[in-house]
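What follows is a set of notes on a single structure, which appears directly below.
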Amino acid sequence: MSTTVSSSRTSPPQVEAVAATPAVVTLRTVIDDYLAEQKTMTAVDMFSRWHETTTVPVQARYYKSLIPATPPATGEQYAFEVDLDRCSGCKACVTACHTLNGLDEHETWRDVGLLLGGTTSLPVIQHVTTACHHCLEPACAIACPVDAYAKHPVTGIVKHLDDQCFGCQYCTLACPYDVPKYHADKGIVRKCDMCSDRLAVGEAPACVQACPHEAIRIRTVATQQVIDDCESQQFLPGAPEPQFTLPTTLYKTARVFPRNLIPADYHTPKREHAHWSLIWMLVLTQLSVGAFIAEFWLTSQLGSLMSETSTEVVSLGSVPGLTALALGLIAIGAATLHLGRPNLAFRAIIGLRHSWLSREIVAFGLFAKLAALYATSSWWMPWLDIDMNWQPWLGLGVAVSGLAGVLCSVMIYDFTQRPFWNGPETTAKFLGTTAVLGLATLFATLAITSASRGQLIEQGPLLCRLIVMATVFKLLSEMRVLWHLRDRSNTTQRRSAQLLVGELRSTLGLRVVAAVLGGFVIPLLLLSQPMSVWSPETLRMGALTCGGLLLLGELTERFLFFSAVIANRMPGGLST
């Protein structure tokens, strides 16, 4: 049988005869099936072909009434409208926004929070969906040093320009509504743009389409009406005051909310991110500025710290200045570590007209250049045959530019409208750090330079007294926040104080101990006897320990400065 089958398979005449038989014509091979299948359209192909001939989006009949029929006119812009009576907190809008924009697992551009209030007999709970409010005066755009935000002239939508951003994250601090979100892997900030590409073709944003209760709409609002509403506080209970940025989102309800309606997470203060690169940058820049000012002041008021001979001029005059310069340059370098894309740091001065961060960078850049000239002036001025009488003017330029940089640092945080970072208290803290560390650095550099022992014995007592007074001023300026523990209402300052004496109490204790030891105990111990009695080794050890403890204390204080700040944000949930 096997022989017969083999013969029939290989015989050409038999194959032709079988092919002519009608019963065999219906037989199909796998290749025939594949070829036939390629001539048909898949469901995806058919769907795509159908969409090519369709001018209106498929779901338009469901959301057509939820978006404007025409673009905004002059004096108008697009805005979200949220019907609080319809919002159930289902978070379908959050999921749709997350999916459409391809966000990472823990990244959200739209969030849902809770408002709680009422009485025990009639409690009130209100869900609130919130995203970017596309403000008339967006704080994110004003603060950005690289102009990575653009407000569309027709629609009013505030868009983030990802290619322009270098990841300084200042907008995340400046926005009172916690809208911009930093993406660590990409090194940039991203935010909601109202699905502007969809609106441009007449299709609703993802959150609008996804809401099963039609609680979210896109409306055209008059900018003057937004201004009037913000002036009368007509925005949302428990939200930051709207006069700062003039948010355009409309929250409407037919109910009358109780006066005690507050965010669900209001009574749960949460420590913020410490930003260690900013901590080092702020402390070391203020140390550098303070050291230059202390040397300049001491030189101007009490006579030159230098000897009469040119050789001793170099050894004495260069040590304090070069030490301060080196620490200042380290601080400026540490600032770039905070950037998500440090290779684009050169863009930081683009926003000089409106951003305090750009102004701070320009001021410290000028300070660094002038400080380098001042610290090395004892070498190059005689070599270039320049009159040394110009050196005090150069020192004055160093002091002015350095103080300008410190005050710009103050304004960076005061601009965020966070009570813990208010202008007067932040100024006291930053200038206090400048004074304390500047004096301690000058004291330490004089102590470690053997040629300056005579000047140390003469001026050391004055420096120790100034360190004690500056430390007292600094501690008092910091401890003022604890007075808010007596506040009857749970203000943001009171919640910051609660963090300091609660979760952060061990850090606060370390800060106080370091300041007391470095700013009181050691200076007073050195003042207990004339400086000439102490051996050079003892003075050196005392000065270095004093400076080290004060530096530790100021770093700890700046850690608390970032960690204990409370920001008034949009309502959060019970678990946030």
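Scheme for the structure tokens: letters A, B, ... for chains in order shown; per-chain residue numbers from 1; ligand numbers from 1 in order shown.
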
Residues within 6 Å of Phe80 of chain A, only C-alpha atoms, excluding chain neighbours under 3 positions, as a list in words: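 Final neighbour list, sorted by chain and number: Arg217, Ile218 and Thr249 of chain A.
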
Surrounding residues of segment 543-558 of chain A excluding itself and chain neighbours under 2 positions, 8 Å, only C-alpha atoms, as a short mmCIF file (atom, residue, chain, number, x, y, z; two decimals) with C-alpha atoms, in the first residue's frame:
```
data_model
loop_
_atom_site.label_atom_id
_atom_site.label_comp_id
_atom_site.auth_asym_id
_atom_site.auth_seq_id
_atom_site.Cartn_x
_atom_site.Cartn_y
_atom_site.Cartn_z
CA ILE A 279 19.41 73.51 51.31
CA TRP A 280 23.13 73.39 50.53
CA VAL A 283 23.20 77.98 53.21
CA THR A 433 22.25 82.85 58.35
CA VAL A 436 26.03 83.98 61.73
CA LEU A 437 27.97 81.92 59.20
CA ALA A 440 31.98 82.29 62.07
CA THR A 441 33.80 81.73 58.76
CA PHE A 443 36.72 83.85 62.78
CA ALA A 444 37.74 80.35 61.68
CA ALA A 447 42.30 81.21 63.57
CA THR A 507 15.37 67.74 64.12
CA LEU A 508 14.29 70.94 65.86
CA LEU A 510 19.31 69.14 66.99
CA ARG A 511 19.05 72.59 65.47
CA VAL A 512 18.72 74.30 68.89
CA VAL A 513 21.57 72.29 70.45
CA ALA A 514 23.93 73.04 67.56
CA ALA A 515 23.11 76.76 67.73
CA LEU A 517 26.83 75.13 71.53
CA GLY A 518 28.27 76.86 68.49
CA GLY A 519 26.78 80.30 69.00
CA ILE A 522 32.09 78.15 72.68
CA PRO A 523 32.21 81.93 72.03
CA LEU A 539 41.90 78.96 69.42
CA ARG A 540 42.01 77.01 66.18
CA MET A 541 40.02 74.12 67.61
CA LEU A 560 12.99 72.59 58.70
CA PHE A 561 12.34 75.59 56.44
CA PHE A 562 11.40 73.25 53.61
#
```

DSSP helix (DSSP H, G or I) selection over segment 347-570 of chain A, as an MDAnalysis selection string: chainID A and resid 347:349 356:375 377:383 388:414 419:421 423:448 450:486 492:501 505:527 531:533 536:563

Selection near segment 139-143 of chain A, 12 Å with only C-alpha atoms, sequence-local residues under 5 positions removed, as a PyMOL selection string: chain A and resi 132-134+148-151+157-161+165+168-181+189-191+242-247+348-360+411-417

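Taking atom CA of Asn260 of chain A and atom CA of Arg494 of chain A as endpoints, the distance between them is 17.9 Å.
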
Shell of 12 Å around Arg198 of chain A, only C-alpha atoms, local chain residues under 2 positions omitted, as a ChimeraX atom specification: /A:57,60,67,100-101,193-196,200-209

Take the residues that were just selected and, keeping N, CA and C atoms, output them as a compact mmCIF listing (two decimals), in the first residue's frame.
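Saved as part-v8.txt:
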```
# COMPACT_ATOMS: atom_id res chain seq x y z
N PRO A 57 -16.65 63.54 15.27
CA PRO A 57 -16.26 62.45 16.18
C PRO A 57 -17.46 61.57 16.54
N ALA A 60 -19.64 62.51 19.54
CA ALA A 60 -19.99 63.93 19.61
C ALA A 60 -21.41 64.15 20.09
N ILE A 67 -19.23 71.32 25.35
CA ILE A 67 -18.13 72.16 24.89
C ILE A 67 -18.70 73.32 24.10
N LEU A 100 -5.43 58.70 28.58
CA LEU A 100 -5.28 59.41 27.31
C LEU A 100 -3.90 60.06 27.20
N ASN A 101 -3.41 60.62 28.28
CA ASN A 101 -2.14 61.34 28.23
C ASN A 101 -0.93 60.44 28.50
N ASP A 193 -3.37 70.45 29.87
CA ASP A 193 -3.52 71.51 28.88
C ASP A 193 -4.94 71.53 28.30
N MET A 194 -5.90 71.01 29.08
CA MET A 194 -7.31 70.98 28.69
C MET A 194 -7.51 70.18 27.39
N CYS A 195 -6.61 69.23 27.13
CA CYS A 195 -6.69 68.44 25.89
C CYS A 195 -6.89 69.37 24.70
N SER A 196 -6.03 70.37 24.58
CA SER A 196 -6.20 71.42 23.58
C SER A 196 -6.21 70.87 22.16
N ALA A 200 -9.33 71.58 19.60
CA ALA A 200 -9.08 72.24 18.32
C ALA A 200 -9.87 71.60 17.18
N VAL A 201 -10.24 70.33 17.33
CA VAL A 201 -10.99 69.64 16.27
C VAL A 201 -12.43 69.38 16.71
N GLY A 202 -12.88 70.09 17.75
CA GLY A 202 -14.27 69.96 18.17
C GLY A 202 -14.58 68.76 19.02
N GLU A 203 -13.56 68.18 19.66
CA GLU A 203 -13.78 67.02 20.51
C GLU A 203 -13.49 67.40 21.96
N ALA A 204 -14.29 66.88 22.87
CA ALA A 204 -14.18 67.26 24.28
C ALA A 204 -12.95 66.63 24.92
N PRO A 205 -12.39 67.26 25.95
CA PRO A 205 -11.29 66.67 26.70
C PRO A 205 -11.68 65.32 27.31
N ALA A 206 -10.69 64.53 27.64
CA ALA A 206 -10.94 63.18 28.14
C ALA A 206 -11.79 63.20 29.40
N CYS A 207 -11.52 64.13 30.33
CA CYS A 207 -12.28 64.15 31.57
C CYS A 207 -13.75 64.49 31.32
N VAL A 208 -14.01 65.35 30.36
CA VAL A 208 -15.38 65.74 30.03
C VAL A 208 -16.13 64.54 29.44
N GLN A 209 -15.49 63.83 28.55
CA GLN A 209 -16.14 62.68 27.91
C GLN A 209 -16.38 61.55 28.91
```

Shell of 12 Å around Asp265 of chain A, only C-alpha atoms, local chain residues under 4 positions omitted, as a PyMOL selection string: chain A and resi 113-116+238+261+269-270+495+566-576

Dump C-alpha atoms for the selected residues as a compact mmCIF listing (two decimals), in the first residue's frame?
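File written: out-v1.txt
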```txt
# COMPACT_ATOMS: atom_id res chain seq x y z
CA GLY A 113 -10.69 65.66 46.79
CA LEU A 114 -13.18 65.96 49.64
CA LEU A 115 -14.77 68.84 51.51
CA LEU A 116 -16.18 68.10 54.95
CA GLY A 238 -11.33 75.50 51.35
CA LEU A 261 -16.67 73.40 55.03
CA PRO A 269 -0.29 68.54 58.43
CA LYS A 270 2.16 66.68 56.24
CA ARG A 495 0.04 73.57 61.55
CA ILE A 566 2.23 74.19 54.86
CA ALA A 567 0.70 75.13 51.52
CA ASN A 568 -2.96 75.95 51.02
CA ARG A 569 -3.87 73.61 48.19
CA MET A 570 -7.03 72.33 46.57
CA PRO A 571 -9.05 69.90 48.72
CA GLY A 572 -7.41 66.54 49.24
CA GLY A 573 -8.70 63.17 50.37
CA LEU A 574 -8.71 61.47 53.74
CA SER A 575 -5.62 59.42 52.91
CA THR A 576 -3.50 62.15 51.29
```

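Pairwise distance (atom CA of Pro263 of chain A, atom CA of Pro419 of chain A) equals 18.0 Å.
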